[in-house]
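See below for final21.cif, which holds mmCIF, C-alpha atoms.
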```cif
data_target
#
loop_
_atom_site.label_atom_id
_atom_site.label_comp_id
_atom_site.auth_asym_id
_atom_site.auth_seq_id
_atom_site.Cartn_x
_atom_site.Cartn_y
_atom_site.Cartn_z
CA MET A 1 22.27 43.17 -81.27
CA ALA A 2 25.82 41.95 -81.06
CA ALA A 3 26.38 38.50 -82.44
CA CYS A 4 27.80 35.90 -80.03
CA SER A 5 29.44 32.69 -80.97
CA ILE A 6 28.78 29.24 -79.60
CA GLU A 7 32.19 29.19 -77.93
CA ASP A 8 31.35 32.26 -75.85
CA VAL A 9 28.06 30.75 -74.66
CA LEU A 10 29.74 27.50 -73.63
CA ALA A 11 32.53 29.32 -71.82
CA LYS A 12 30.02 31.42 -69.88
CA ALA A 13 28.06 28.32 -68.93
CA GLU A 14 31.21 26.57 -67.70
CA LYS A 15 32.13 29.64 -65.65
CA ASP A 16 28.70 29.77 -64.02
CA GLU A 17 28.84 26.03 -63.28
CA ALA A 18 32.30 26.39 -61.74
CA GLU A 19 31.07 29.15 -59.46
CA LYS A 20 28.19 27.00 -58.27
CA LEU A 21 30.33 23.92 -57.74
CA LYS A 22 33.32 25.03 -55.72
CA SER A 23 36.49 23.00 -55.65
CA ILE A 24 37.09 20.39 -52.96
CA THR A 25 40.53 21.83 -52.30
CA VAL A 26 40.55 24.49 -49.61
CA HIS A 27 43.67 26.48 -48.72
CA LYS A 28 44.27 27.49 -45.11
CA GLU A 29 47.30 29.18 -43.56
CA LEU A 30 47.15 26.84 -40.53
CA ASP A 31 46.10 23.24 -40.83
CA LEU A 32 42.96 22.24 -38.98
CA GLU A 33 42.99 19.81 -36.07
CA PHE A 34 40.65 16.87 -36.52
CA ASP A 35 38.95 14.44 -34.13
CA LEU A 36 37.41 12.01 -36.58
CA GLY A 37 35.98 9.82 -33.83
CA ASN A 38 33.63 12.66 -32.85
CA LEU A 39 33.60 14.24 -36.36
CA PHE A 40 35.20 17.42 -35.00
CA ALA A 41 37.32 19.98 -36.85
CA PHE A 42 39.12 22.78 -34.95
CA ASP A 43 40.02 25.87 -37.02
CA LYS A 44 42.74 28.05 -35.43
CA ASN A 45 42.95 30.50 -38.32
CA PRO A 46 41.83 34.03 -37.39
CA PRO A 47 38.81 35.26 -39.42
CA ASP A 48 39.28 38.08 -41.95
CA THR A 49 37.67 41.06 -40.23
CA ARG A 50 37.77 43.28 -43.35
CA GLU A 51 35.90 40.71 -45.44
CA PHE A 52 33.52 40.12 -42.51
CA ARG A 53 32.58 43.83 -42.46
CA GLN A 54 32.34 44.33 -46.22
CA LYS A 55 30.54 41.10 -47.01
CA ASN A 56 27.20 39.96 -45.69
CA LYS A 57 27.74 38.36 -42.29
CA GLU A 58 25.54 35.32 -42.97
CA ASP A 59 27.22 34.67 -46.33
CA PHE A 60 30.67 34.97 -44.77
CA LEU A 61 29.82 32.51 -41.95
CA CYS A 62 28.20 30.06 -44.39
CA SER A 63 31.28 30.08 -46.66
CA LEU A 64 33.59 29.57 -43.67
CA ALA A 65 31.50 26.63 -42.40
CA ARG A 66 31.44 25.15 -45.93
CA ASP A 67 35.25 25.25 -46.24
CA ASN A 68 35.82 23.63 -42.84
CA THR A 69 33.21 20.93 -43.55
CA GLN A 70 34.91 20.20 -46.88
CA LEU A 71 38.25 19.71 -45.13
CA LEU A 72 36.60 17.37 -42.59
CA ILE A 73 35.03 15.29 -45.38
CA ASN A 74 38.39 15.10 -47.15
CA GLU A 75 39.93 13.64 -44.00
CA ILE A 76 37.09 11.12 -43.65
CA TRP A 77 37.70 9.85 -47.20
CA LYS A 78 41.30 9.13 -46.24
CA LEU A 79 40.14 6.51 -43.73
CA PRO A 80 39.77 2.83 -44.68
CA THR A 81 36.35 2.12 -46.18
CA GLU A 82 34.23 -0.93 -46.89
CA ARG A 83 30.96 -1.66 -48.69
CA VAL A 84 27.96 -2.67 -46.57
CA ASP A 85 24.64 -3.29 -48.34
CA GLU A 86 25.78 -1.38 -51.44
CA VAL A 87 26.82 1.62 -49.29
CA ILE A 88 30.41 2.76 -48.75
CA VAL A 89 31.13 3.05 -45.00
CA ALA A 90 34.25 4.58 -43.41
CA LYS A 91 35.67 3.11 -40.20
CA LEU A 92 36.05 5.94 -37.69
CA PRO A 93 38.90 5.79 -35.16
CA GLU A 94 38.49 6.12 -31.41
CA PRO A 95 37.56 9.66 -30.27
CA THR A 96 40.26 11.72 -28.59
CA THR A 97 38.16 14.59 -27.21
CA ARG A 98 36.31 13.95 -23.95
CA LEU A 99 32.83 15.44 -24.09
CA PRO A 100 30.92 16.44 -20.92
CA ARG A 101 27.74 14.55 -20.13
CA GLU A 102 24.37 16.25 -20.07
CA LYS A 103 23.28 14.16 -17.08
CA PRO A 104 25.30 12.47 -14.33
CA ALA A 105 26.54 8.97 -14.98
CA PRO A 106 24.15 6.28 -13.74
CA LYS A 107 25.13 4.63 -10.50
CA PRO A 108 25.96 0.93 -10.64
CA ARG A 109 23.22 -1.43 -9.56
CA PRO A 110 23.76 -2.69 -6.01
CA PRO A 111 24.47 -6.44 -5.92
CA THR A 112 21.84 -8.83 -4.66
CA LYS A 113 22.36 -11.09 -1.68
CA TRP A 114 23.10 -14.02 -3.94
CA GLU A 115 25.68 -12.00 -5.90
CA GLU A 116 27.38 -10.95 -2.66
CA PHE A 117 27.39 -14.56 -1.45
CA ALA A 118 28.74 -15.82 -4.79
CA LYS A 119 31.51 -13.23 -4.75
CA LEU A 120 32.42 -14.16 -1.17
CA LYS A 121 32.53 -17.89 -1.94
CA GLY A 122 34.09 -17.46 -5.37
CA ILE A 123 31.14 -18.98 -7.24
CA GLN A 124 31.25 -18.22 -10.95
CA LYS A 125 28.25 -18.28 -13.23
CA LYS A 126 28.40 -21.01 -15.84
CA LYS A 127 26.36 -20.89 -19.00
CA LYS A 128 24.13 -23.93 -19.36
CA THR A 129 23.06 -25.43 -22.63
CA ASN A 130 19.40 -25.16 -23.58
CA LEU A 131 19.07 -28.86 -24.48
CA VAL A 132 19.56 -31.82 -22.14
CA TRP A 133 19.16 -35.57 -22.60
CA ASP A 134 15.84 -37.05 -21.47
CA ASP A 135 16.36 -40.63 -20.24
CA VAL A 136 12.66 -41.47 -20.39
CA HIS A 137 11.93 -40.43 -23.97
CA LYS A 138 15.51 -41.06 -25.20
CA GLU A 139 15.83 -37.72 -26.96
CA TRP A 140 17.20 -34.21 -26.52
CA ARG A 141 14.70 -31.81 -24.96
CA ARG A 142 14.63 -28.30 -23.59
CA ARG A 143 15.88 -27.75 -20.06
CA TRP A 144 12.92 -25.50 -19.09
CA GLY A 145 9.45 -24.71 -20.34
CA TYR A 146 6.96 -26.66 -22.40
CA LYS A 147 7.90 -30.30 -23.14
CA ARG A 148 11.02 -30.02 -21.01
CA ALA A 149 13.22 -32.95 -20.16
CA ASN A 150 12.59 -34.98 -16.99
CA ASP A 151 9.23 -33.28 -16.34
CA ASP A 152 8.03 -34.68 -13.00
CA THR A 153 4.65 -32.91 -13.19
CA LYS A 154 3.46 -35.37 -15.86
CA GLU A 155 4.03 -38.45 -13.74
CA TRP A 156 0.93 -40.48 -13.01
CA LEU A 157 2.57 -42.51 -10.22
CA ILE A 158 4.73 -41.28 -7.32
CA GLU A 159 6.61 -43.52 -4.91
CA VAL A 160 5.66 -42.88 -1.28
CA PRO A 161 8.71 -42.66 1.02
CA GLU A 162 8.83 -44.82 4.13
CA SER A 163 9.24 -41.85 6.50
CA VAL A 164 5.95 -40.13 5.56
CA ASP A 165 2.29 -40.83 6.14
CA PRO A 166 1.08 -43.36 3.55
CA ASN A 167 -2.33 -41.64 3.37
CA GLU A 168 -0.81 -38.27 2.46
CA ASP A 169 -1.42 -36.98 -1.06
CA GLN A 170 2.02 -36.71 -2.66
CA PHE A 171 0.71 -34.87 -5.74
CA ALA A 172 -0.84 -32.11 -3.62
CA LYS A 173 2.33 -31.96 -1.53
CA ARG A 174 4.45 -31.46 -4.65
CA ILE A 175 2.16 -28.72 -5.99
CA LYS A 176 2.21 -26.93 -2.61
CA ALA A 177 6.00 -27.06 -2.46
CA LYS A 178 6.26 -25.55 -5.94
CA LYS A 179 3.89 -22.70 -5.02
CA GLU A 180 5.97 -21.98 -1.93
CA ARG A 181 9.16 -21.83 -4.00
CA VAL A 182 7.56 -19.46 -6.49
CA ALA A 183 6.28 -17.19 -3.69
CA LYS A 184 9.68 -17.18 -1.99
CA ASN A 185 11.45 -16.21 -5.23
CA GLU A 186 8.95 -13.42 -5.86
CA LEU A 187 9.44 -12.11 -2.30
CA ASN A 188 13.22 -12.07 -2.73
CA ARG A 189 12.86 -10.26 -6.07
CA LEU A 190 10.67 -7.54 -4.54
CA ARG A 191 13.10 -7.17 -1.62
CA ASN A 192 16.00 -6.66 -3.99
CA ILE A 193 14.06 -3.96 -5.85
CA ALA A 194 13.15 -2.21 -2.59
CA ARG A 195 16.74 -2.39 -1.36
CA ALA A 196 18.00 -0.93 -4.66
CA GLN A 197 15.56 1.99 -4.36
CA LYS A 198 16.42 2.46 -0.65
CA ILE A 199 12.92 1.64 0.59
CA LYS A 200 12.44 0.20 4.05
CA VAL A 201 11.27 -3.38 3.95
CA PRO A 202 9.09 -4.52 6.87
CA GLY A 203 10.37 -7.47 8.82
CA VAL A 204 8.66 -10.83 9.00
CA GLY A 205 6.97 -11.64 12.31
CA LEU A 206 7.34 -9.66 15.52
CA ALA A 207 11.13 -9.45 15.55
CA PRO A 208 12.19 -6.16 13.89
CA THR A 209 14.85 -6.01 11.22
CA PRO A 210 18.36 -4.86 12.26
CA THR A 211 18.02 -1.62 10.28
CA ASP A 212 14.82 -0.53 12.10
CA GLN A 213 14.62 0.94 15.58
CA PRO A 214 11.91 -0.98 17.45
CA SER A 215 9.55 0.98 19.65
CA LYS A 216 8.74 0.28 23.27
CA SER A 217 5.37 -1.26 22.45
CA GLU A 218 6.89 -3.58 19.84
CA LEU A 219 9.53 -4.80 22.29
CA GLY A 220 6.91 -5.39 24.98
CA LYS A 221 4.73 -7.32 22.54
CA ALA A 222 7.68 -9.44 21.44
CA VAL A 223 8.59 -10.24 25.06
CA GLN A 224 5.00 -11.18 25.88
CA VAL A 225 4.72 -13.48 22.86
CA ALA A 226 8.03 -15.13 23.75
CA LYS A 227 6.82 -15.78 27.29
CA VAL A 228 3.55 -17.43 26.31
CA SER A 229 5.25 -19.55 23.63
CA THR A 230 6.10 -22.28 26.11
CA ALA A 231 4.33 -25.57 26.71
CA SER A 232 2.66 -24.16 29.83
CA VAL A 233 1.58 -20.96 27.97
CA GLY A 234 3.80 -18.87 30.25
CA LYS A 235 2.33 -20.15 33.49
CA PHE A 236 5.71 -20.86 35.14
CA GLN A 237 7.61 -17.91 33.64
CA ASP A 238 9.07 -15.58 36.26
CA ARG A 239 8.64 -11.81 35.93
CA LEU A 240 11.43 -9.28 36.03
CA PRO A 241 11.85 -7.11 39.16
CA LYS A 242 10.14 -4.01 37.71
CA GLU A 243 8.04 -5.68 35.04
CA LYS A 244 4.40 -4.63 34.87
CA ALA A 245 1.46 -6.81 34.03
CA PRO A 246 0.67 -6.82 30.29
CA LYS A 247 -2.29 -4.74 29.14
CA ASN A 248 -5.02 -5.61 26.64
CA THR A 249 -4.12 -9.28 26.59
CA GLY A 250 -7.76 -10.38 26.65
CA LYS A 251 -9.72 -12.52 29.09
CA LYS A 252 -9.28 -16.23 29.23
CA ARG A 253 -12.50 -18.15 28.86
CA LYS A 254 -13.46 -20.44 31.74
CA PHE A 255 -15.25 -23.70 31.06
CA GLN A 256 -17.01 -25.92 33.54
CA PRO A 257 -15.41 -29.25 34.35
CA LEU A 258 -16.59 -32.23 32.33
CA ILE A 259 -16.53 -34.50 35.37
CA GLY A 260 -17.30 -33.91 39.05
CA ASP A 261 -20.13 -32.01 40.76
CA PHE A 262 -22.96 -31.12 38.33
CA SER A 263 -25.06 -29.20 40.88
CA THR A 264 -24.19 -25.79 39.32
CA GLU A 265 -25.17 -26.92 35.84
CA LYS A 266 -28.38 -28.44 37.22
CA GLN A 267 -29.32 -25.20 38.95
CA LYS A 268 -28.74 -23.18 35.73
CA GLN A 269 -30.99 -25.49 33.73
CA LEU A 270 -33.74 -25.26 36.38
CA ASP A 271 -33.55 -21.43 36.34
CA ILE A 272 -33.96 -21.42 32.57
CA LEU A 273 -36.99 -23.70 32.77
CA LYS A 274 -38.49 -21.56 35.53
CA VAL A 275 -38.22 -18.41 33.41
CA MET A 276 -39.71 -20.16 30.39
CA ASP A 277 -42.59 -21.64 32.44
CA SER A 278 -43.57 -18.37 34.16
CA LYS A 279 -46.28 -16.38 32.40
CA LYS A 280 -45.16 -13.00 33.73
CA PRO A 281 -42.10 -11.52 32.04
CA ARG A 282 -39.05 -11.23 34.18
CA LEU A 283 -38.20 -7.59 34.82
CA ASP A 284 -34.74 -6.36 35.73
CA ILE A 285 -35.44 -3.12 37.58
CA THR A 286 -31.84 -1.90 37.60
CA LYS A 287 -31.40 -2.44 33.87
CA ALA A 288 -34.75 -0.76 33.10
CA VAL A 289 -33.91 2.29 35.23
CA ASN A 290 -30.48 2.68 33.61
CA LYS A 291 -32.00 2.44 30.15
CA GLN A 292 -34.62 5.09 30.97
CA MET A 293 -31.95 7.44 32.34
CA ARG A 294 -29.85 7.03 29.20
CA GLU A 295 -32.80 7.83 26.95
CA GLU A 296 -33.63 10.97 28.96
CA ASP A 297 -30.00 12.15 28.77
CA MET A 298 -29.98 11.62 25.01
CA GLU A 299 -33.23 13.59 24.57
CA SER A 300 -32.01 16.50 26.67
CA GLY A 301 -28.72 16.57 24.77
CA SER A 302 -30.48 16.64 21.39
CA LYS A 303 -32.75 19.51 22.59
CA ARG A 304 -29.71 21.50 23.69
CA LYS A 305 -28.07 21.02 20.31
CA LYS A 306 -31.22 22.19 18.50
CA GLY A 307 -31.53 25.25 20.72
CA SER A 308 -27.91 26.30 20.19
CA GLY A 309 -28.27 25.94 16.40
CA LYS A 310 -31.01 28.65 16.03
CA LYS A 311 -29.90 32.01 14.58
CA ARG A 312 -30.36 35.08 16.71
CA ARG A 313 -31.58 38.46 15.44
CA LYS A 314 -29.04 41.23 15.07
CA GLY A 315 -29.63 44.63 16.72
CA ASN A 316 -30.13 46.25 20.08
CA PHE A 317 -32.08 44.07 22.55
CA SER A 318 -32.20 46.63 25.34
CA GLY A 319 -36.00 46.42 25.61
CA LYS A 320 -36.71 50.13 25.05
CA LYS A 321 -39.35 51.26 22.59
CA GLY A 322 -38.44 52.94 19.37
CA LYS A 323 -34.72 52.14 19.49
CA GLY A 324 -33.28 49.93 16.83
CA PHE A 325 -34.81 46.56 16.10
CA GLY A 326 -35.08 45.62 19.76
CA SER A 327 -38.56 46.97 20.46
CA THR A 328 -40.89 45.01 22.71
CA ALA A 329 -43.68 42.73 21.55
CA LYS A 330 -46.25 45.45 22.35
CA SER A 331 -44.68 47.89 19.94
CA GLY A 332 -44.66 45.19 17.31
CA LYS A 333 -48.41 44.71 17.64
CA ASN A 334 -49.14 48.44 17.14
CA ARG A 335 -47.40 48.45 13.80
CA LYS A 336 -49.65 48.39 10.76
CA PRO A 337 -48.75 46.03 7.98
CA ARG A 338 -48.05 47.62 4.64
CA MET A 339 -50.12 46.49 1.69
CA LYS A 340 -48.86 46.66 -1.84
CA GLN A 341 -51.31 47.78 -4.43
CA GLY A 342 -51.17 45.90 -7.64
CA LYS A 343 -52.42 46.89 -11.04
CA ARG A 344 -55.87 45.68 -11.98
#
```
Mind turning this structure into structure tokens?
Amino acid sequence: MAACSIEDVLAKAEKDEAEKLKSITVHKELDLEFDLGNLFAFDKNPPDTREFRQKNKEDFLCSLARDNTQLLINEIWKLPTERVDEVIVAKLPEPTTRLPREKPAPKPRPPTKWEEFAKLKGIQKKKKTNLVWDDVHKEWRRRWGYKRANDDTKEWLIEVPESVDPNEDQFAKRIKAKKERVAKNELNRLRNIARAQKIKVPGVGLAPTPTDQPSKSELGKAVQVAKVSTASVGKFQDRLPKEKAPKNTGKKRKFQPLIGDFSTEKQKQLDILKVMDSKKPRLDITKAVNKQMREEDMESGSKRKKGSGKKRRKGNFSGKKGKGFGSTAKSGKNRKPRMKQGKR
């Protein structure tokens, strides 16, 4: 066994370590183009085809990717750095390469009616402070929410204006007004969402919205409602030349006069007493006959349905003997029934 010195062992170990840890300096014939904003490196050097064929393809590609990555990291370390939470961070510049999007850019949200009105009038949104001065408690309080400043819902006494009914409950009136405001705001919010998603919003009342095309029946109903909305309930409204009478408007109830001749009412009361006093039941012959006819028609109709629902036998029903399954009843009687013999 050949003797080896300590110097040879150390030199071999240094050589092996140097092969494992490659140098950070990489030599290229053409300099790479870098886009540090996107962490890109573009290598324009042609690959060595001879080395690619002789060497393992995966090892060749891995070494090429390692060299280009090393050059990119060297460029990143040239940027200005700072320490954030005991970590060195490099400040990347703005990207220069425009990358295509995977999905189309989102469309801008359509403005609400208030935003359109504010833009038309030149109204600008001003940021309000969260705290305001409360004159009652003499302290700074929140503008909205719990324990807000100038909270009128905690008042135990409300001044009644001169122009309103003194017996009207002002507390209930204030609560009702607040509920109406909340409902109106919620309705406007839902309308804005529907308009943003291009959903048709139904109009309020009988008048259709400008975006909808009203039908003939809707227009007729709107005209009829407008006519009867007068003080005389449309009694003195003139009709158009070719206007037809409205359909399905219902019958108007007629009441007897409260003053005047009471002979009709008296006669009705006497007829009721006469029917109640008579021992024999009153028989309406026409009504009884109509009821009996209806019952007979219903019975005959049910019998017809039952008869049509029975299944018929398949085969030849010609009536001749010995042909098919259509033999007469006499031939059926002459047949002897077969008996199965069981085991005892």
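Minimum atom-to-atom distances from A:His27, A:Arg50, A:Arg189, A:Arg109 to A:Leu71 were compared using only C-alpha atoms, and the lowest value belongs to A:His27.
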### Task
Find the residues near A:Gln70: any atom within 8 Å, counting all atoms listed in the file, skip ones fewer than 5 places away on the same chain, and give them as JSON, numbers by chain.
{"A": [24, 25, 26]}
### Message
Report, in Å to a single decimal, how far apart atom CA of A:Pro47 and atom CA of A:Leu61 are.
### Response
9.7 Å
### Task
Run the PyMOL selection byres ((chain A and resi 36-46) around 9) on the file and write out the hits as a PyMOL selection string.
chain A and resi 28-35+47-49+68-69+71-72+75-76+92-97
### Long-range neighbours of A:Ala149 as a ChimeraX atom specification, 7 Å cut-off, all atoms listed in the file, 3 positions minimum in chain
/A:132-134,141-143
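The closest residue to A:Asn130, picked from A:Phe255, A:Trp114, A:Trp144, A:Phe171 and counting only C-alpha atoms, is A:Trp144.
As for atom CA of A:Glu51 and atom CA of A:Asp16, they are spaced 22.7 Å apart.
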### Task
Could you jot down the atom CA of A:Arg181 to atom CA of A:Glu159 separation for me, Å, one decimal place?
21.9 Å
Given 5 Å of margin on each side, can you work out the centre and size in Å (one decimal) of an axis-aligned box holding every listed atom of stretch 4-14 of chain A, as JSON?
```
{"center_x": 30.2, "center_y": 31.2, "center_z": -74.3, "size_x": 14.7, "size_y": 19.3, "size_z": 23.3}
```
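Proximity ranking of A:Glu155, A:Gly220, A:Ile193, A:Arg148 relative to A:Pro110 places A:Ile193 first, based on only C-alpha atoms.
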Rebuild stretch 101-131 of chain A to N, CA and C atoms - output it as an mmCIF file, in the frame of the given file, please.
```cif
data_model
loop_
_atom_site.group_PDB
_atom_site.id
_atom_site.type_symbol
_atom_site.label_atom_id
_atom_site.label_comp_id
_atom_site.auth_asym_id
_atom_site.auth_seq_id
_atom_site.Cartn_x
_atom_site.Cartn_y
_atom_site.Cartn_z
ATOM 1 N N ARG A 101 29.065 15.157 -20.082
ATOM 2 C CA ARG A 101 27.740 14.550 -20.130
ATOM 3 C C ARG A 101 26.668 15.570 -19.786
ATOM 4 N N GLU A 102 25.501 15.392 -20.413
ATOM 5 C CA GLU A 102 24.370 16.250 -20.070
ATOM 6 C C GLU A 102 23.822 15.919 -18.691
ATOM 7 N N LYS A 103 23.801 14.628 -18.363
ATOM 8 C CA LYS A 103 23.280 14.160 -17.080
ATOM 9 C C LYS A 103 24.367 13.357 -16.364
ATOM 10 N N PRO A 104 24.273 13.241 -15.051
ATOM 11 C CA PRO A 104 25.300 12.470 -14.330
ATOM 12 C C PRO A 104 25.272 10.999 -14.737
ATOM 13 N N ALA A 105 26.422 10.381 -14.607
ATOM 14 C CA ALA A 105 26.540 8.970 -14.980
ATOM 15 C C ALA A 105 25.670 8.120 -14.064
ATOM 16 N N PRO A 106 25.003 7.121 -14.589
ATOM 17 C CA PRO A 106 24.150 6.280 -13.740
ATOM 18 C C PRO A 106 24.977 5.489 -12.740
ATOM 19 N N LYS A 107 24.438 5.365 -11.554
ATOM 20 C CA LYS A 107 25.130 4.630 -10.500
ATOM 21 C C LYS A 107 25.026 3.128 -10.764
ATOM 22 N N PRO A 108 26.035 2.392 -10.413
ATOM 23 C CA PRO A 108 25.960 0.930 -10.640
ATOM 24 C C PRO A 108 24.898 0.286 -9.760
ATOM 25 N N ARG A 109 24.269 -0.729 -10.296
ATOM 26 C CA ARG A 109 23.220 -1.430 -9.560
ATOM 27 C C ARG A 109 23.812 -2.156 -8.363
ATOM 28 N N PRO A 110 23.207 -1.993 -7.176
ATOM 29 C CA PRO A 110 23.760 -2.690 -6.010
ATOM 30 C C PRO A 110 23.597 -4.196 -6.171
ATOM 31 N N PRO A 111 24.572 -4.978 -5.746
ATOM 32 C CA PRO A 111 24.470 -6.440 -5.920
ATOM 33 C C PRO A 111 23.410 -7.037 -5.018
ATOM 34 N N THR A 112 22.820 -8.109 -5.464
ATOM 35 C CA THR A 112 21.840 -8.830 -4.660
ATOM 36 C C THR A 112 22.549 -9.671 -3.609
ATOM 37 N N LYS A 113 21.758 -10.255 -2.726
ATOM 38 C CA LYS A 113 22.360 -11.090 -1.680
ATOM 39 C C LYS A 113 23.059 -12.303 -2.273
ATOM 40 N N TRP A 114 22.468 -12.868 -3.320
ATOM 41 C CA TRP A 114 23.100 -14.020 -3.940
ATOM 42 C C TRP A 114 24.419 -13.616 -4.620
ATOM 43 N N GLU A 115 24.452 -12.453 -5.269
ATOM 44 C CA GLU A 115 25.680 -12.000 -5.900
ATOM 45 C C GLU A 115 26.771 -11.727 -4.873
ATOM 46 N N GLU A 116 26.395 -11.151 -3.725
ATOM 47 C CA GLU A 116 27.380 -10.950 -2.660
ATOM 48 C C GLU A 116 27.887 -12.287 -2.120
ATOM 49 N N PHE A 117 26.987 -13.240 -1.944
ATOM 50 C CA PHE A 117 27.390 -14.560 -1.450
ATOM 51 C C PHE A 117 28.287 -15.283 -2.458
ATOM 52 N N ALA A 118 27.923 -15.168 -3.757
ATOM 53 C CA ALA A 118 28.740 -15.820 -4.790
ATOM 54 C C ALA A 118 30.123 -15.190 -4.881
ATOM 55 N N LYS A 119 30.212 -13.877 -4.723
ATOM 56 C CA LYS A 119 31.510 -13.230 -4.750
ATOM 57 C C LYS A 119 32.354 -13.621 -3.540
ATOM 58 N N LEU A 120 31.700 -13.776 -2.386
ATOM 59 C CA LEU A 120 32.420 -14.160 -1.170
ATOM 60 C C LEU A 120 32.945 -15.591 -1.272
ATOM 61 N N LYS A 121 32.139 -16.479 -1.839
ATOM 62 C CA LYS A 121 32.530 -17.890 -1.940
ATOM 63 C C LYS A 121 33.291 -18.200 -3.228
ATOM 64 N N GLY A 122 33.384 -17.217 -4.115
ATOM 65 C CA GLY A 122 34.090 -17.460 -5.370
ATOM 66 C C GLY A 122 33.307 -18.294 -6.368
ATOM 67 N N ILE A 123 31.977 -18.219 -6.316
ATOM 68 C CA ILE A 123 31.140 -18.980 -7.240
ATOM 69 C C ILE A 123 31.022 -18.211 -8.550
ATOM 70 N N GLN A 124 31.331 -18.847 -9.646
ATOM 71 C CA GLN A 124 31.250 -18.220 -10.950
ATOM 72 C C GLN A 124 30.054 -18.768 -11.725
ATOM 73 N N LYS A 125 29.418 -17.890 -12.476
ATOM 74 C CA LYS A 125 28.250 -18.280 -13.230
ATOM 75 C C LYS A 125 28.674 -19.038 -14.488
ATOM 76 N N LYS A 126 28.095 -20.196 -14.672
ATOM 77 C CA LYS A 126 28.400 -21.010 -15.840
ATOM 78 C C LYS A 126 27.184 -21.043 -16.757
ATOM 79 N N LYS A 127 27.431 -20.879 -18.029
ATOM 80 C CA LYS A 127 26.360 -20.890 -19.000
ATOM 81 C C LYS A 127 25.940 -22.325 -19.286
ATOM 82 N N LYS A 128 24.652 -22.591 -19.139
ATOM 83 C CA LYS A 128 24.130 -23.930 -19.360
ATOM 84 C C LYS A 128 23.544 -24.025 -20.771
ATOM 85 N N THR A 129 23.653 -25.204 -21.314
ATOM 86 C CA THR A 129 23.060 -25.430 -22.630
ATOM 87 C C THR A 129 21.542 -25.519 -22.520
ATOM 88 N N ASN A 130 20.861 -25.160 -23.588
ATOM 89 C CA ASN A 130 19.400 -25.160 -23.580
ATOM 90 C C ASN A 130 18.821 -26.566 -23.713
ATOM 91 N N LEU A 131 19.548 -27.496 -24.258
ATOM 92 C CA LEU A 131 19.070 -28.860 -24.480
ATOM 93 C C LEU A 131 19.778 -29.824 -23.552
#
```
